[in-house]
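One structure below.
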Protein chains: 2
Amino acid sequence: MDTLETVRTAPRPGLRERKKQRTRDALLRAALGLFTAKGYERTTVDEIAEAVGVSQRTFFRYFASKEEAAFFVARLAESHFLAALRERPPGEPPLQALRRAVLDSWDTIGEAIEQLVPLELHMRLYRVIESTPALLAAHLRRATELEEEIARVIARREGLDVDADPRPRLVVAVFGAVMRVTERIWSAGDDVSLAAIRELAASHLDQVGPALVGNWRGK
Amino acid sequence: MDTLETVRTAPRPGLRERKKQRTRDALLRAALGLFTAKGYERTTVDEIAEAVGVSQRTFFRYFASKEEAAFFVARLAESHFLAALRERPPGEPPLQALRRAVLDSWDTIGEAIEQLVPLELHMRLYRVIESTPALLAAHLRRATELEEEIARVIARREGLDVDADPRPRLVVAVFGAVMRVTERIWSAGDDVSLAAIRELAASHLDQVGPALVGNWRGK
DNA sequence: AGGCTAGTGACAGCGACTGACACATGACAA
DNA sequence: TTGTCATGTGTCAGTCGCTGTCACTAGCCT
């Protein structure tokens, strides 16, 4: 509610506000640092709070849960993608619009993240998410919530009602499925860079159509 | 490890064994009953244990977590589906094999479930899962684990290596995505019957191909 | 019959999270 | 500048999911 808006509308945030920002950033960085260093489950909220020098209660005033801290940066990327999608020209077929939106948003998301935390930290966090059952579960649930929102955007583009025509949800679900496979393969590989996941995603989106119509014998 | 195997190999389960079975079944039914009656989050493990007349500690000896109890029946359905998939003739294209396997397995899963808990309870539980964030998250994670296993089955059928060729994972992910959309729409509707979800799934699987190639104007 | 073992209850403890209350410190008006 | 007030914070107590430990008891096996 008052993240970036306030910064822009208010000329000087005031001392109180700045202190809050600093505390929240410190908590976030401490949390992500600990998560990637010793694992999500093995870091307690008390440790995060102590690393920043505040009480555990204060941590929970900034983040509704330990989980929320882990996905704070991911939320940035999501809204980044949504914005890119909404800017696609209306004439584009749905799947193509989705494809262009991800690839485009990955072109610029790096800088936005870097303002919050070191990019490399975010990348390493991805591996932690993928390998921590509780986080992976949360990630998937968040992904389906995002998909619901995307489906509505697609439906509007095509002048359809999400509840009457299943096709918007279907394309978006397929798109999301391809993204999940991509994330999985990417995070398991060696090259954990934005360029690498971009390339993988493009390749997978190219293959998903042909893969559906078996048979595969003709390679 | 000793669920169905033991029952079949041993002629008489012995008094000790039967008592265990009864306790586990009682715990399961009490849990599902309470989950559907007053919601998952609002039922404590203590309540479940007390309803059966055992200690909380005993509940955790039968179920690794409160969550596990909620998905106990779902696991049955999963292995049922996997069995059906493995029986599909090798010549069938992947997506068709998957389609036939779900539809077939839904033809017979009802009876298998009824032996454990009332079928209607299981159906109502589905709505609880879909509307409880923590359970939905767990469900999605379990689903992707299942998908990984399915991908391996498909890969073997086609003589491919899952790690070298992304196509098995891609088809399976698309299939899983369609199933998720189906579950979602089904659990939100009025007709929560096996027949209804069967029909929905078939319809969605028919539509997913055409939906990918935009445009949809020529509906 | 008697020793062995597996299932259980009781208890203590950890970690995520919440509510209540009291205090202190910036914000703002007089 | 000062006094009031709102707001961020620490402390404390408590709930709930979950785990380790230990002693006990009831089935099992010879």
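So you can find residues: chains in the structure tokens are A, B, ... in the order shown, residues in each start at 1, and ligands are numbered from 1 in order.
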
Exercise. Residues of chain C within 8 Å of chain A, using only C-alpha atoms (C1' of nucleotides), as a PyMOL selection string?
Worked result: chain C and resi 15+17+26

For this session: Pick out the chain D residues within 10 Å of chain A. Count only C-alpha atoms (C1' of nucleotides). Give them as a PyMOL selection string.
Result: chain D and resi 7-11

For this session: Taking the chain letters and numbering used in this document, name the residues of range 33-214 of chain A that DSSP puts in helix (DSSP H, G or I), as a ChimeraX atom specification.
Result: /A:33-38,45-52,56-62,66-70,72-86,94-114,119-131,133-158,167-188,194-212

Keeping C-alpha atoms, export the residues of the selection given above as a compact mmCIF listing (two decimals), in the first residue's frame.
```
# COMPACT_ATOMS: atom_id res chain seq x y z
CA GLY A 33 21.28 -13.96 3.71
CA LEU A 34 20.56 -16.50 6.40
CA PHE A 35 18.21 -18.51 4.19
CA THR A 36 20.83 -18.94 1.50
CA ALA A 37 23.65 -19.46 3.97
CA LYS A 38 22.18 -22.08 6.26
CA VAL A 45 12.93 -15.85 13.11
CA ASP A 46 14.74 -15.04 16.35
CA GLU A 47 18.05 -15.26 14.52
CA ILE A 48 16.88 -12.89 11.80
CA ALA A 49 15.60 -10.42 14.37
CA GLU A 50 18.74 -10.65 16.43
CA ALA A 51 20.94 -10.10 13.36
CA VAL A 52 19.16 -6.78 12.87
CA GLN A 56 11.04 -11.16 17.12
CA ARG A 57 7.72 -9.36 17.49
CA THR A 58 8.98 -6.57 15.29
CA PHE A 59 9.87 -8.99 12.51
CA PHE A 60 6.26 -10.10 12.43
CA ARG A 61 5.11 -6.51 12.23
CA TYR A 62 6.98 -6.15 8.94
CA LYS A 66 8.75 -16.04 7.73
CA GLU A 67 7.57 -17.22 4.31
CA GLU A 68 6.56 -13.74 3.23
CA ALA A 69 10.11 -12.53 3.66
CA ALA A 70 11.33 -15.28 1.37
CA PHE A 72 9.29 -10.49 -1.04
CA VAL A 73 11.55 -10.08 -4.06
CA ALA A 74 9.56 -12.55 -6.14
CA ARG A 75 6.55 -10.29 -5.74
CA LEU A 76 8.48 -7.53 -7.46
CA ALA A 77 9.18 -9.76 -10.44
CA GLU A 78 5.53 -10.78 -10.63
CA SER A 79 4.16 -7.27 -10.82
CA HIS A 80 6.92 -6.48 -13.30
CA PHE A 81 5.68 -9.29 -15.53
CA LEU A 82 2.03 -8.28 -15.15
CA ALA A 83 2.90 -4.75 -16.19
CA ALA A 84 4.74 -6.04 -19.26
CA LEU A 85 1.77 -8.21 -20.18
CA ARG A 86 -0.69 -5.37 -19.95
CA PRO A 94 -2.63 -14.92 -26.15
CA LEU A 95 0.30 -17.31 -25.99
CA GLN A 96 2.50 -14.99 -27.97
CA ALA A 97 1.63 -12.06 -25.73
CA LEU A 98 2.55 -14.14 -22.68
CA ARG A 99 5.80 -15.23 -24.27
CA ARG A 100 6.86 -11.72 -25.20
CA ALA A 101 5.86 -10.41 -21.78
CA VAL A 102 8.11 -12.80 -19.84
CA LEU A 103 11.06 -12.39 -22.11
CA ASP A 104 10.69 -8.62 -22.09
CA SER A 105 10.27 -8.39 -18.34
CA TRP A 106 13.37 -10.49 -17.76
CA ASP A 107 15.30 -7.98 -19.81
CA THR A 108 14.76 -5.27 -17.26
CA ILE A 109 13.93 -6.97 -13.97
CA GLY A 110 17.56 -7.32 -12.98
CA GLU A 111 18.03 -3.65 -12.20
CA ALA A 112 14.80 -3.42 -10.23
CA ILE A 113 15.88 -6.30 -8.01
CA GLU A 114 19.37 -4.97 -7.53
CA LEU A 119 20.91 -9.98 -7.67
CA GLU A 120 23.06 -12.97 -6.91
CA LEU A 121 21.34 -13.42 -3.57
CA HIS A 122 17.99 -13.59 -5.32
CA MET A 123 19.30 -16.21 -7.72
CA ARG A 124 20.66 -18.38 -4.96
CA LEU A 125 17.38 -18.01 -3.13
CA TYR A 126 15.67 -19.64 -6.06
CA ARG A 127 17.57 -22.83 -5.43
CA VAL A 128 16.61 -22.71 -1.79
CA ILE A 129 12.95 -22.34 -2.71
CA GLU A 130 13.12 -25.20 -5.16
CA SER A 131 14.75 -27.51 -2.64
CA PRO A 133 9.35 -28.43 0.41
CA ALA A 134 7.53 -25.80 2.45
CA LEU A 135 8.80 -22.99 0.22
CA LEU A 136 8.17 -24.87 -3.00
CA ALA A 137 4.58 -25.46 -1.89
CA ALA A 138 4.11 -21.79 -1.11
CA HIS A 139 5.70 -20.83 -4.42
CA LEU A 140 3.32 -23.04 -6.37
CA ARG A 141 0.30 -21.66 -4.56
CA ARG A 142 1.42 -18.12 -5.24
CA ALA A 143 1.98 -19.08 -8.87
CA THR A 144 -1.60 -20.28 -9.27
CA GLU A 145 -2.90 -17.10 -7.70
CA LEU A 146 -0.86 -15.14 -10.20
CA GLU A 147 -2.21 -17.34 -12.99
CA GLU A 148 -5.73 -16.46 -12.00
CA GLU A 149 -4.89 -12.80 -12.38
CA ILE A 150 -3.16 -13.39 -15.70
CA ALA A 151 -6.16 -15.33 -16.93
CA ARG A 152 -8.35 -12.33 -16.26
CA VAL A 153 -6.01 -10.08 -18.24
CA ILE A 154 -6.05 -12.50 -21.17
CA ALA A 155 -9.81 -12.83 -20.99
CA ARG A 156 -10.24 -9.09 -21.15
CA ARG A 157 -7.91 -8.86 -24.15
CA GLU A 158 -10.07 -11.39 -25.97
CA ARG A 167 -9.81 -21.22 -22.60
CA PRO A 168 -8.18 -18.22 -20.89
CA ARG A 169 -7.47 -20.31 -17.79
CA LEU A 170 -6.27 -23.19 -19.96
CA VAL A 171 -3.70 -21.23 -21.97
CA VAL A 172 -2.45 -19.49 -18.88
CA ALA A 173 -2.20 -22.78 -17.00
CA VAL A 174 -0.22 -24.28 -19.85
CA PHE A 175 2.01 -21.24 -19.94
CA GLY A 176 2.51 -21.50 -16.19
CA ALA A 177 3.27 -25.17 -16.47
CA VAL A 178 5.99 -24.48 -19.02
CA MET A 179 7.42 -21.80 -16.75
CA ARG A 180 7.50 -24.20 -13.81
CA VAL A 181 9.31 -26.85 -15.81
CA THR A 182 11.72 -24.16 -16.93
CA GLU A 183 12.38 -22.96 -13.39
CA ARG A 184 12.95 -26.49 -12.25
CA ILE A 185 15.43 -27.41 -14.94
CA TRP A 186 17.13 -24.03 -14.69
CA SER A 187 17.60 -24.14 -10.94
CA ALA A 188 18.99 -27.64 -11.19
CA LEU A 194 18.92 -14.46 -16.18
CA ALA A 195 20.20 -15.09 -19.69
CA ALA A 196 20.12 -18.82 -19.12
CA ILE A 197 16.52 -18.96 -17.90
CA ARG A 198 15.45 -16.65 -20.70
CA GLU A 199 16.88 -18.96 -23.30
CA LEU A 200 15.44 -22.07 -21.63
CA ALA A 201 11.98 -20.56 -21.43
CA ALA A 202 12.02 -19.57 -25.09
CA SER A 203 13.13 -23.03 -26.11
CA HIS A 204 10.47 -24.74 -24.01
CA LEU A 205 7.71 -22.49 -25.27
CA ASP A 206 8.76 -23.46 -28.80
CA GLN A 207 8.63 -27.14 -27.99
CA VAL A 208 5.38 -27.36 -26.07
CA GLY A 209 3.15 -27.17 -29.13
CA PRO A 210 4.85 -29.94 -31.07
CA ALA A 211 5.22 -32.04 -27.91
CA LEU A 212 1.47 -32.17 -27.43
```

For this session: Could you tell me how far CA of Asn215 in chain B lies from CA of Gly91 in chain A, in Å and to one decimal?
Result: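 Atom-to-atom, CA of Asn215 in chain B to CA of Gly91 in chain A, that is 9.1 Å.
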
For this session: Please measure the separation of CA of Leu27 in chain A and CA of Gly53 in chain A, giving the value in Å to one decimal.
Result: 9.4 Å

Problem set entry | Polymer residues at most 12 Å from DG13 in chain C, only C-alpha atoms (C1' of nucleotides), same-chain spacing of 6 or more positions, as a ChimeraX atom specification | /D:18-21

Those same residues, written as a compact mmCIF listing (two decimals), in the first residue's frame with N, CA and C atoms (P, O5', C5', C4', C3', O3' and C1' of nucleotides)?
```
# COMPACT_ATOMS: atom_id res chain seq x y z
P DC D 18 2.11 -30.50 11.85
O5' DC D 18 3.29 -31.00 12.79
C5' DC D 18 4.50 -30.24 12.78
C4' DC D 18 5.41 -30.72 13.88
C3' DC D 18 5.64 -32.23 13.99
O3' DC D 18 6.94 -32.52 13.49
C1' DC D 18 5.56 -31.14 16.10
P DT D 19 7.56 -33.96 13.56
O5' DT D 19 8.42 -33.90 14.90
C5' DT D 19 9.42 -32.91 15.03
C4' DT D 19 10.27 -33.22 16.25
C3' DT D 19 10.64 -34.71 16.40
O3' DT D 19 12.03 -34.80 16.66
C1' DT D 19 9.63 -33.91 18.39
P DG D 20 12.77 -36.22 16.73
O5' DG D 20 13.17 -36.33 18.28
C5' DG D 20 13.86 -35.25 18.89
C4' DG D 20 14.09 -35.55 20.37
C3' DG D 20 14.51 -36.99 20.67
O3' DG D 20 15.59 -36.95 21.60
C1' DG D 20 12.52 -36.43 21.88
P DT D 21 16.23 -38.31 22.17
O5' DT D 21 15.42 -38.56 23.54
C5' DT D 21 15.24 -37.47 24.42
C4' DT D 21 14.54 -37.96 25.68
C3' DT D 21 14.84 -39.42 26.05
O3' DT D 21 15.08 -39.48 27.45
C1' DT D 21 12.52 -39.09 25.95
```
